[in-house]
$ cat start.csv   # CSV, C-alpha atoms
chain,number,residue,atom,x,y,z
A,1010,MET,CA,92.8,50.9,107.3
A,1011,LYS,CA,91.7,54.4,107.9
A,1012,ALA,CA,93.6,57.7,108.3
A,1013,ASP,CA,93.1,61.4,108.5
A,1014,VAL,CA,92.8,62.7,105.0
A,1015,THR,CA,92.9,66.4,104.1
A,1016,LYS,CA,91.1,67.3,100.9
A,1017,ILE,CA,93.3,69.7,98.8
A,1018,ALA,CA,91.1,72.2,97.0
A,1019,SER,CA,92.0,75.3,95.0
A,1020,SER,CA,90.9,78.6,96.7
A,1021,VAL,CA,91.1,80.4,93.3
A,1022,SER,CA,90.0,79.6,89.7
A,1023,GLY,CA,92.5,79.2,86.9
A,1024,VAL,CA,94.5,77.0,84.6
A,1025,ILE,CA,96.9,74.4,86.1
A,1026,ASN,CA,100.4,75.2,84.9
A,1027,LYS,CA,102.1,72.2,86.5
A,1028,VAL,CA,101.5,69.3,88.9
A,1029,TYR,CA,104.5,68.6,90.9
A,1030,VAL,CA,103.4,65.3,92.6
A,1031,ARG,CA,102.1,61.9,91.8
A,1032,ASN,CA,99.8,59.5,93.5
A,1033,ASN,CA,101.0,57.9,96.7
A,1034,GLU,CA,104.0,60.2,96.8
A,1035,TYR,CA,105.2,61.4,100.2
A,1036,VAL,CA,105.2,65.2,100.6
A,1037,GLU,CA,106.2,67.5,103.4
A,1038,ARG,CA,104.5,70.5,104.8
A,1039,GLY,CA,105.0,73.6,102.6
A,1040,GLN,CA,106.0,71.6,99.6
A,1041,VAL,CA,104.7,72.9,96.3
A,1042,LEU,CA,102.0,70.5,95.0
A,1043,VAL,CA,100.3,72.4,92.1
A,1044,ALA,CA,101.0,75.7,90.4
A,1045,LEU,CA,98.3,77.6,88.5
A,1046,ASP,CA,99.1,80.0,85.7
A,1047,ASN,CA,99.8,83.1,87.8
A,1048,GLN,CA,100.0,85.6,85.0
A,1049,PRO,CA,96.3,86.8,85.4
A,1050,PHE,CA,96.9,87.2,89.1
A,1051,LYS,CA,100.1,89.2,88.6
A,1052,LEU,CA,98.3,91.5,86.2
A,1053,ALA,CA,95.5,92.0,88.7
A,1054,VAL,CA,98.1,92.9,91.4
A,1055,ALA,CA,99.8,95.3,89.0
A,1056,LYS,CA,96.5,96.9,88.1
A,1057,ALA,CA,95.5,97.4,91.8
A,1058,GLN,CA,98.9,98.8,92.6
A,1059,ALA,CA,98.7,101.3,89.7
A,1060,SER,CA,95.3,102.5,90.8
A,1061,LEU,CA,96.5,102.8,94.4
A,1062,SER,CA,99.6,104.8,93.3
A,1063,GLN,CA,97.4,107.1,91.1
A,1064,LEU,CA,95.1,107.8,94.0
A,1065,SER,CA,98.0,108.3,96.4
A,1066,TYR,CA,99.5,110.9,94.0
A,1067,GLU,CA,96.2,112.7,93.6
A,1068,LYS,CA,95.9,112.9,97.4
A,1069,SER,CA,99.4,114.3,97.7
A,1070,VAL,CA,98.5,117.0,95.2
A,1071,LEU,CA,95.3,117.7,96.9
A,1072,LEU,CA,97.0,118.0,100.3
A,1073,THR,CA,99.4,120.6,98.9
A,1074,LYS,CA,96.4,122.5,97.4
A,1075,GLU,CA,94.5,122.2,100.6
A,1076,LYS,CA,97.4,123.6,102.6
A,1077,ASP,CA,97.5,126.7,100.3
A,1078,GLN,CA,93.7,127.1,100.5
A,1079,LYS,CA,93.8,126.9,104.3
A,1080,GLU,CA,96.5,129.6,104.4
A,1081,ASN,CA,94.5,131.8,102.0
A,1082,TYR,CA,91.3,131.3,104.1
A,1083,LEU,CA,93.2,132.4,107.2
A,1084,VAL,CA,94.5,135.4,105.4
A,1085,GLN,CA,91.0,136.3,104.1
A,1086,GLU,CA,89.6,135.8,107.6
A,1087,SER,CA,92.1,138.2,109.1
A,1088,LYS,CA,91.6,140.7,106.3
A,1089,PHE,CA,87.8,140.6,106.8
A,1090,LYS,CA,88.2,141.2,110.6
A,1091,VAL,CA,90.3,144.3,109.9
A,1092,SER,CA,87.8,145.5,107.3
A,1093,GLN,CA,85.0,144.9,109.7
A,1094,GLN,CA,86.7,147.0,112.4
A,1095,GLU,CA,87.4,149.8,109.9
A,1096,PHE,CA,83.8,149.7,108.7
A,1097,ASN,CA,82.4,149.9,112.3
A,1098,ARG,CA,84.7,152.9,113.0
A,1099,TYR,CA,83.8,154.8,109.9
A,1100,SER,CA,80.2,153.9,110.3
A,1101,MET,CA,80.2,155.8,113.6
A,1102,LEU,CA,82.0,158.7,111.9
A,1103,HIS,CA,79.4,158.8,109.1
A,1104,GLN,CA,76.6,158.8,111.6
A,1105,LYS,CA,78.2,161.9,113.2
A,1106,ASN,CA,78.6,163.5,109.7
A,1107,ILE,CA,82.4,163.6,110.2
A,1108,ILE,CA,83.0,161.8,106.9
A,1109,SER,CA,81.2,161.9,103.6
A,1110,SER,CA,78.7,159.3,102.4
A,1111,ALA,CA,81.0,158.7,99.4
A,1112,LEU,CA,83.9,157.7,101.6
A,1113,PHE,CA,81.6,155.6,103.8
A,1114,ASP,CA,80.4,153.8,100.7
A,1115,GLN,CA,84.0,152.9,99.8
A,1116,TYR,CA,84.5,151.2,103.2
A,1117,GLN,CA,81.1,149.5,102.9
A,1118,ASN,CA,82.0,148.1,99.4
A,1119,SER,CA,85.4,147.1,100.7
A,1120,LEU,CA,83.8,145.1,103.5
A,1121,SER,CA,81.4,143.4,101.1
A,1122,SER,CA,84.3,142.5,98.8
A,1123,ASP,CA,86.4,141.1,101.7
A,1124,LYS,CA,83.4,139.1,103.0
A,1125,GLU,CA,82.8,137.6,99.6
A,1126,ALA,CA,86.5,136.6,99.3
A,1127,LEU,CA,86.3,135.1,102.8
A,1128,ILE,CA,83.2,133.0,101.9
A,1129,ASN,CA,84.8,131.8,98.6
A,1130,SER,CA,88.1,130.9,100.3
A,1131,LYS,CA,86.3,129.0,103.1
A,1132,SER,CA,84.2,127.1,100.5
A,1133,LEU,CA,87.3,126.1,98.5
A,1134,TYR,CA,89.0,124.9,101.7
A,1135,GLN,CA,86.0,122.9,102.9
A,1136,ASN,CA,85.6,121.3,99.5
A,1137,SER,CA,89.3,120.2,99.6
A,1138,ILE,CA,88.7,118.6,103.0
A,1139,LYS,CA,85.7,116.7,101.6
A,1140,GLN,CA,87.7,115.6,98.6
A,1141,GLU,CA,90.5,114.4,100.9
A,1142,ALA,CA,88.0,112.3,102.9
A,1143,VAL,CA,86.7,110.7,99.7
A,1144,LEU,CA,90.2,110.0,98.4
A,1145,SER,CA,91.2,108.5,101.7
A,1146,SER,CA,88.2,106.2,101.6
A,1147,GLN,CA,89.0,105.2,98.0
A,1148,ILE,CA,92.7,104.6,98.9
A,1149,LYS,CA,91.6,102.3,101.8
A,1150,GLU,CA,89.4,100.3,99.4
A,1151,TYR,CA,92.2,100.0,96.9
A,1152,GLN,CA,94.6,98.9,99.6
A,1153,ASN,CA,92.2,96.2,100.6
A,1154,SER,CA,91.8,95.3,96.9
A,1155,LEU,CA,95.6,95.1,96.5
A,1156,SER,CA,95.9,92.9,99.6
A,1157,LEU,CA,93.1,90.6,98.2
A,1158,GLN,CA,94.8,90.3,94.8
A,1159,LYS,CA,98.1,89.5,96.4
A,1160,TYR,CA,96.3,86.8,98.4
A,1161,TYR,CA,94.9,85.3,95.2
A,1162,LEU,CA,98.4,85.4,93.7
A,1163,SER,CA,99.8,83.5,96.7
A,1164,ASN,CA,97.1,80.9,96.4
A,1165,ALA,CA,97.9,80.3,92.7
A,1166,THR,CA,100.6,78.1,94.2
A,1167,ILE,CA,99.1,75.2,96.2
A,1168,ARG,CA,101.3,73.8,99.0
A,1169,ALA,CA,101.0,70.8,101.3
A,1170,PRO,CA,99.3,71.8,104.6
A,1171,HIS,CA,101.1,68.9,106.4
A,1172,ASP,CA,103.2,65.9,105.9
A,1173,GLY,CA,101.6,62.9,104.2
A,1174,TYR,CA,100.9,60.9,101.1
A,1175,VAL,CA,99.1,62.1,98.0
A,1176,ASN,CA,95.9,60.3,97.4
A,1177,ASN,CA,93.3,60.2,94.6
A,1178,LEU,CA,95.2,62.6,92.4
A,1179,ASN,CA,92.8,64.3,89.9
A,1180,ALA,CA,94.7,67.3,88.5
A,1181,TYR,CA,96.5,67.7,85.2
A,1182,SER,CA,98.5,70.4,83.5
A,1183,GLY,CA,96.4,72.6,81.2
A,1184,GLU,CA,93.2,71.8,83.1
A,1185,TYR,CA,90.9,74.7,84.1
A,1186,ILE,CA,89.8,74.4,87.7
A,1187,LYS,CA,87.2,76.4,89.7
A,1188,LYS,CA,87.5,77.7,93.2
A,1189,GLY,CA,86.7,74.9,95.6
A,1190,ASP,CA,87.5,72.0,93.2
A,1191,VAL,CA,89.1,69.2,95.1
A,1192,LEU,CA,92.3,68.1,93.3
A,1193,PHE,CA,93.4,65.2,95.6
A,1194,GLY,CA,93.8,64.3,99.2
A,1195,ILE,CA,96.8,64.0,101.5
A,1196,VAL,CA,96.8,61.1,103.9
A,1197,ALA,CA,98.3,62.2,107.2
A,1198,LYS,CA,101.6,60.6,108.1
A,1199,LYS,CA,100.4,60.1,111.6
A,1200,ASN,CA,97.2,59.0,113.2
A,1201,TRP,CA,96.6,56.0,110.9
A,1202,ARG,CA,94.0,53.6,112.2
A,1203,VAL,CA,93.5,49.9,111.3
A,1204,ILE,CA,89.9,48.6,111.5
A,1205,ALA,CA,89.9,44.8,111.3
A,1206,ASN,CA,87.3,42.1,111.5
A,1207,ILE,CA,88.5,39.4,113.9
A,1208,LYS,CA,86.9,36.0,114.5
A,1209,GLU,CA,85.6,35.5,117.9
A,1210,THR,CA,87.8,32.4,118.4
A,1211,ASN,CA,90.8,34.7,118.0
A,1212,LEU,CA,89.7,37.4,120.4
A,1213,VAL,CA,91.1,35.5,123.3
A,1214,ASN,CA,94.6,36.2,121.9
A,1215,ILE,CA,94.1,39.9,121.5
A,1216,TYR,CA,94.3,42.4,124.3
A,1217,PRO,CA,95.2,46.1,124.7
A,1218,GLY,CA,98.9,46.7,124.4
A,1219,LYS,CA,99.6,43.5,122.5
A,1220,THR,CA,102.1,43.9,119.6
A,1221,VAL,CA,100.5,43.4,116.1
A,1222,TRP,CA,102.0,43.4,112.6
A,1223,VAL,CA,100.1,45.0,109.8
A,1224,HIS,CA,100.7,44.5,106.1
A,1225,LEU,CA,99.3,47.1,103.6
A,1226,ALA,CA,98.7,46.6,99.9
A,1227,SER,CA,99.8,50.2,99.4
A,1228,ALA,CA,103.2,49.4,100.9
A,1229,PRO,CA,104.3,46.0,99.7
A,1230,TRP,CA,107.2,44.1,101.3
A,1231,ARG,CA,106.8,46.2,104.4
A,1232,PHE,CA,105.3,45.3,107.8
A,1233,PHE,CA,104.2,47.9,110.4
A,1234,GLU,CA,104.6,47.1,114.1
A,1235,ARG,CA,102.1,48.7,116.4
A,1236,GLU,CA,100.3,48.1,119.7
A,1237,SER,CA,96.7,47.0,119.6

$ encode --input "start.csv" --output "structure tokens"
Amino acid sequence: MKADVTKIASSVSGVINKVYVRNNEYVERGQVLVALDNQPFKLAVAKAQASLSQLSYEKSVLLTKEKDQKENYLVQESKFKVSQQEFNRYSMLHQKNIISSALFDQYQNSLSSDKEALINSKSLYQNSIKQEAVLSSQIKEYQNSLSLQKYYLSNATIRAPHDGYVNNLNAYSGEYIKKGDVLFGIVAKKNWRVIANIKETNLVNIYPGKTVWVHLASAPWRFFERES
């Protein structure tokens, strides 16, 4: 007899905490089969969550700082424009000898000071924008990391992918298993196939649709009725 068999393998490495099934036991889809020690996976999730929370906090602080720097930059930009206009006006007056060189120098120094303040405020604002981009990228990475750690945690509990019977159980509590290790198989409840050698002298009595009775060693005292 042959049947569809699904090999049950662990998608994560770890120590088996408990095996909930036995050989030849019937299981239903979604039923817990094996549970690994999930403490390392919980710690990994907590660590990723803490890192993500820290980065999110840093970004919120940076955004507040960036907002203030943007406002300061706009103020300095307006102040510089006014200073530039005053300098241009007093420059013309100086050329006509209406104002003294000393007074003109004051406006020139004021313009230089406002220009330097504008450059500094713009630089701080642009740096904050760059830092925000870096933090946003890091937050995305940690979000992916957190999702991955949660996925690993969920896979620490191995469940039946479909209804069937446990076959070739090779998993024990306390055993360390690696990712990809096959623990056992689940023989599908449906789609069983019987391959039999029949003598030529008996072929005349067998035809498609004929009722047959099958007796399996794995299910003693039970006969299965099917069509050939």

$ residues_around --input "start.csv" --residues "A:Val1091" --least-positions-apart "5" --cutoff "12 Å" --atoms "all atoms listed in the file" --output "list in words"
Val1084, Gln1085, Glu1086, Phe1096, Asn1097, Arg1098, Tyr1116, Ser1119, Leu1120, Asp1123 and Lys1124 of chain A

$ residues_around --input "start.csv" --residues "stretch 1145-1147 of chain A" --least-positions-apart "5" --cutoff "9 Å" --atoms "all atoms listed in the file" --output "PyMOL selection string"
chain A and resi 1061+1064-1065+1068+1140+1152

$ write_last_selection --input "start.csv" --atoms "C-alpha atoms" --output "PDB file, in the coordinates of the input"
ATOM      1  CA  LEU A1061      96.500 102.800  94.400  1.00  0.00           C
ATOM      2  CA  LEU A1064      95.100 107.800  94.000  1.00  0.00           C
ATOM      3  CA  SER A1065      98.000 108.300  96.400  1.00  0.00           C
ATOM      4  CA  LYS A1068      95.900 112.900  97.400  1.00  0.00           C
ATOM      5  CA  GLN A1140      87.700 115.600  98.600  1.00  0.00           C
ATOM      6  CA  GLN A1152      94.600  98.900  99.600  1.00  0.00           C
TER       7      GLN A1152
END

$ residues_around --input "start.csv" --residues "A:Ser1100" --least-positions-apart "3" --cutoff "10 Å" --atoms "all atoms listed in the file" --output "compact mmCIF listing (two decimals) with C-alpha atoms, keeping the file's coordinate frame"
# COMPACT_ATOMS: atom_id res chain seq x y z
CA GLN A 1094 86.70 147.00 112.40
CA GLU A 1095 87.40 149.80 109.90
CA PHE A 1096 83.80 149.70 108.70
CA ASN A 1097 82.40 149.90 112.30
CA HIS A 1103 79.40 158.80 109.10
CA GLN A 1104 76.60 158.80 111.60
CA LYS A 1105 78.20 161.90 113.20
CA ASN A 1106 78.60 163.50 109.70
CA ILE A 1107 82.40 163.60 110.20
CA ILE A 1108 83.00 161.80 106.90
CA SER A 1110 78.70 159.30 102.40
CA PHE A 1113 81.60 155.60 103.80
CA ASP A 1114 80.40 153.80 100.70
CA TYR A 1116 84.50 151.20 103.20
CA GLN A 1117 81.10 149.50 102.90

$ closest_residue --input "start.csv" --among "A:Ile1167, A:Ala1053, A:Ala1180, A:Leu1212" --to "A:Arg1038" --atoms "only C-alpha atoms"
A:Ile1167

$ closest_residue --input "start.csv" --among "A:Val1024, A:Leu1127, A:Ala1044, A:Val1036" --to "A:Lys1198" --atoms "only C-alpha atoms"
A:Val1036

$ closest_residue --input "start.csv" --among "A:Ile1207, A:Val1191, A:Val1014, A:Tyr1082" --to "A:Ser1132" --atoms "all atoms listed in the file"
A:Tyr1082

$ axis_aligned_box --input "start.csv" --around "stretch 1167-1181 of chain A" --padding-each-side "5 Å" --output "lines of an AutoDock Vina configuration file"
center_x = 98.0
center_y = 67.7
center_z = 95.8
size_x = 20.4
size_y = 25.0
size_z = 31.2

$ atom_distance --input "start.csv" --atom1 "atom CA of A:Val1175" --atom2 "atom CA of A:Leu1045"
18.2 Å

$ closest_residue --input "start.csv" --among "A:Lys1079, A:Lys1188, A:Phe1232, A:Ala1126" --to "A:Tyr1161" --atoms "all atoms listed in the file"
A:Lys1188

$ atom_distance --input "start.csv" --atom1 "atom CA of A:Ala1165" --atom2 "atom CA of A:Val1030"
16.0 Å

$ atom_distance --input "start.csv" --atom1 "atom CA of A:Leu1042" --atom2 "atom CA of A:Leu1192"
10.1 Å

$ residues_around --input "start.csv" --residues "A:Val1196" --least-positions-apart "5" --cutoff "12 Å" --atoms "all atoms listed in the file" --output "ChimeraX atom specification"
/A:1010-1017,1032-1037,1169-1178,1201-1202

$ closest_residue --input "start.csv" --among "A:Asn1136, A:Gln1058, A:Ser1087, A:Ser1122" --to "A:Leu1155" --atoms "only C-alpha atoms"
A:Gln1058

$ decode --input "start.csv" --residues "stretch 1111-1145 of chain A" --atoms "N, CA and C atoms" --output "PDB file, in the first residue's frame"
ATOM      1  N   ALA A1111      32.017 104.301   8.280  1.00  0.00           N
ATOM      2  CA  ALA A1111      31.853 103.560   9.536  1.00  0.00           C
ATOM      3  C   ALA A1111      30.458 102.966   9.639  1.00  0.00           C
ATOM      4  N   LEU A1112      29.438 103.748   9.242  1.00  0.00           N
ATOM      5  CA  LEU A1112      28.061 103.251   9.304  1.00  0.00           C
ATOM      6  C   LEU A1112      27.850 102.158   8.258  1.00  0.00           C
ATOM      7  N   PHE A1113      28.439 102.353   7.084  1.00  0.00           N
ATOM      8  CA  PHE A1113      28.313 101.353   6.025  1.00  0.00           C
ATOM      9  C   PHE A1113      28.952 100.037   6.459  1.00  0.00           C
ATOM     10  N   ASP A1114      30.105 100.141   7.160  1.00  0.00           N
ATOM     11  CA  ASP A1114      30.776  98.921   7.641  1.00  0.00           C
ATOM     12  C   ASP A1114      29.900  98.159   8.624  1.00  0.00           C
ATOM     13  N   GLN A1115      29.103  98.881   9.413  1.00  0.00           N
ATOM     14  CA  GLN A1115      28.203  98.217  10.366  1.00  0.00           C
ATOM     15  C   GLN A1115      27.174  97.358   9.630  1.00  0.00           C
ATOM     16  N   TYR A1116      26.608  97.888   8.553  1.00  0.00           N
ATOM     17  CA  TYR A1116      25.621  97.137   7.781  1.00  0.00           C
ATOM     18  C   TYR A1116      26.276  95.977   7.041  1.00  0.00           C
ATOM     19  N   GLN A1117      27.510  96.193   6.609  1.00  0.00           N
ATOM     20  CA  GLN A1117      28.231  95.120   5.919  1.00  0.00           C
ATOM     21  C   GLN A1117      28.540  93.973   6.889  1.00  0.00           C
ATOM     22  N   ASN A1118      28.956  94.311   8.103  1.00  0.00           N
ATOM     23  CA  ASN A1118      29.228  93.287   9.116  1.00  0.00           C
ATOM     24  C   ASN A1118      27.937  92.557   9.535  1.00  0.00           C
ATOM     25  N   SER A1119      26.849  93.321   9.606  1.00  0.00           N
ATOM     26  CA  SER A1119      25.560  92.730   9.960  1.00  0.00           C
ATOM     27  C   SER A1119      25.115  91.728   8.891  1.00  0.00           C
ATOM     28  N   LEU A1120      25.355  92.101   7.619  1.00  0.00           N
ATOM     29  CA  LEU A1120      25.005  91.188   6.522  1.00  0.00           C
ATOM     30  C   LEU A1120      25.830  89.916   6.590  1.00  0.00           C
ATOM     31  N   SER A1121      27.134  90.036   6.857  1.00  0.00           N
ATOM     32  CA  SER A1121      28.010  88.871   6.955  1.00  0.00           C
ATOM     33  C   SER A1121      27.594  87.957   8.108  1.00  0.00           C
ATOM     34  N   SER A1122      27.224  88.594   9.227  1.00  0.00           N
ATOM     35  CA  SER A1122      26.799  87.828  10.405  1.00  0.00           C
ATOM     36  C   SER A1122      25.501  87.065  10.123  1.00  0.00           C
ATOM     37  N   ASP A1123      24.543  87.744   9.462  1.00  0.00           N
ATOM     38  CA  ASP A1123      23.264  87.098   9.141  1.00  0.00           C
ATOM     39  C   ASP A1123      23.455  85.980   8.113  1.00  0.00           C
ATOM     40  N   LYS A1124      24.388  86.184   7.180  1.00  0.00           N
ATOM     41  CA  LYS A1124      24.656  85.156   6.176  1.00  0.00           C
ATOM     42  C   LYS A1124      25.255  83.907   6.820  1.00  0.00           C
ATOM     43  N   GLU A1125      26.170  84.122   7.755  1.00  0.00           N
ATOM     44  CA  GLU A1125      26.788  82.997   8.462  1.00  0.00           C
ATOM     45  C   GLU A1125      25.756  82.243   9.297  1.00  0.00           C
ATOM     46  N   ALA A1126      24.853  82.979   9.932  1.00  0.00           N
ATOM     47  CA  ALA A1126      23.793  82.350  10.728  1.00  0.00           C
ATOM     48  C   ALA A1126      22.857  81.550   9.836  1.00  0.00           C
ATOM     49  N   LEU A1127      22.594  82.065   8.641  1.00  0.00           N
ATOM     50  CA  LEU A1127      21.737  81.364   7.682  1.00  0.00           C
ATOM     51  C   LEU A1127      22.393  80.055   7.226  1.00  0.00           C
ATOM     52  N   ILE A1128      23.678  80.132   6.928  1.00  0.00           N
ATOM     53  CA  ILE A1128      24.402  78.942   6.463  1.00  0.00           C
ATOM     54  C   ILE A1128      24.422  77.865   7.553  1.00  0.00           C
ATOM     55  N   ASN A1129      24.660  78.277   8.791  1.00  0.00           N
ATOM     56  CA  ASN A1129      24.702  77.326   9.909  1.00  0.00           C
ATOM     57  C   ASN A1129      23.342  76.685  10.162  1.00  0.00           C
ATOM     58  N   SER A1130      22.291  77.518  10.136  1.00  0.00           N
ATOM     59  CA  SER A1130      20.945  76.982  10.377  1.00  0.00           C
ATOM     60  C   SER A1130      20.519  76.027   9.262  1.00  0.00           C
ATOM     61  N   LYS A1131      20.892  76.355   8.037  1.00  0.00           N
ATOM     62  CA  LYS A1131      20.572  75.480   6.904  1.00  0.00           C
ATOM     63  C   LYS A1131      21.315  74.153   7.008  1.00  0.00           C
ATOM     64  N   SER A1132      22.586  74.229   7.427  1.00  0.00           N
ATOM     65  CA  SER A1132      23.399  73.022   7.575  1.00  0.00           C
ATOM     66  C   SER A1132      22.820  72.092   8.648  1.00  0.00           C
ATOM     67  N   LEU A1133      22.408  72.684   9.790  1.00  0.00           N
ATOM     68  CA  LEU A1133      21.824  71.882  10.870  1.00  0.00           C
ATOM     69  C   LEU A1133      20.524  71.226  10.418  1.00  0.00           C
ATOM     70  N   TYR A1134      19.713  71.964   9.696  1.00  0.00           N
ATOM     71  CA  TYR A1134      18.430  71.446   9.210  1.00  0.00           C
ATOM     72  C   TYR A1134      18.645  70.313   8.208  1.00  0.00           C
ATOM     73  N   GLN A1135      19.579  70.495   7.297  1.00  0.00           N
ATOM     74  CA  GLN A1135      19.865  69.459   6.295  1.00  0.00           C
ATOM     75  C   GLN A1135      20.446  68.203   6.942  1.00  0.00           C
ATOM     76  N   ASN A1136      21.292  68.388   7.967  1.00  0.00           N
ATOM     77  CA  ASN A1136      21.841  67.234   8.678  1.00  0.00           C
ATOM     78  C   ASN A1136      20.741  66.436   9.382  1.00  0.00           C
ATOM     79  N   SER A1137      19.770  67.140   9.923  1.00  0.00           N
ATOM     80  CA  SER A1137      18.649  66.465  10.589  1.00  0.00           C
ATOM     81  C   SER A1137      17.843  65.649   9.591  1.00  0.00           C
ATOM     82  N   ILE A1138      17.671  66.191   8.395  1.00  0.00           N
ATOM     83  CA  ILE A1138      16.943  65.468   7.353  1.00  0.00           C
ATOM     84  C   ILE A1138      17.685  64.177   6.984  1.00  0.00           C
ATOM     85  N   LYS A1139      19.018  64.279   6.883  1.00  0.00           N
ATOM     86  CA  LYS A1139      19.821  63.099   6.567  1.00  0.00           C
ATOM     87  C   LYS A1139      19.743  62.061   7.694  1.00  0.00           C
ATOM     88  N   GLN A1140      19.807  62.550   8.939  1.00  0.00           N
ATOM     89  CA  GLN A1140      19.713  61.635  10.087  1.00  0.00           C
ATOM     90  C   GLN A1140      18.352  60.949  10.134  1.00  0.00           C
ATOM     91  N   GLU A1141      17.315  61.693   9.773  1.00  0.00           N
ATOM     92  CA  GLU A1141      15.968  61.110   9.749  1.00  0.00           C
ATOM     93  C   GLU A1141      15.892  59.984   8.712  1.00  0.00           C
ATOM     94  N   ALA A1142      16.520  60.208   7.558  1.00  0.00           N
ATOM     95  CA  ALA A1142      16.511  59.188   6.504  1.00  0.00           C
ATOM     96  C   ALA A1142      17.238  57.926   6.977  1.00  0.00           C
ATOM     97  N   VAL A1143      18.366  58.115   7.681  1.00  0.00           N
ATOM     98  CA  VAL A1143      19.136  56.975   8.195  1.00  0.00           C
ATOM     99  C   VAL A1143      18.313  56.221   9.233  1.00  0.00           C
ATOM    100  N   LEU A1144      17.700  56.954  10.157  1.00  0.00           N
ATOM    101  CA  LEU A1144      16.879  56.321  11.194  1.00  0.00           C
ATOM    102  C   LEU A1144      15.684  55.587  10.600  1.00  0.00           C
ATOM    103  N   SER A1145      15.066  56.187   9.596  1.00  0.00           N
ATOM    104  CA  SER A1145      13.916  55.549   8.938  1.00  0.00           C
ATOM    105  C   SER A1145      14.331  54.234   8.297  1.00  0.00           C
TER     106      SER A1145
END
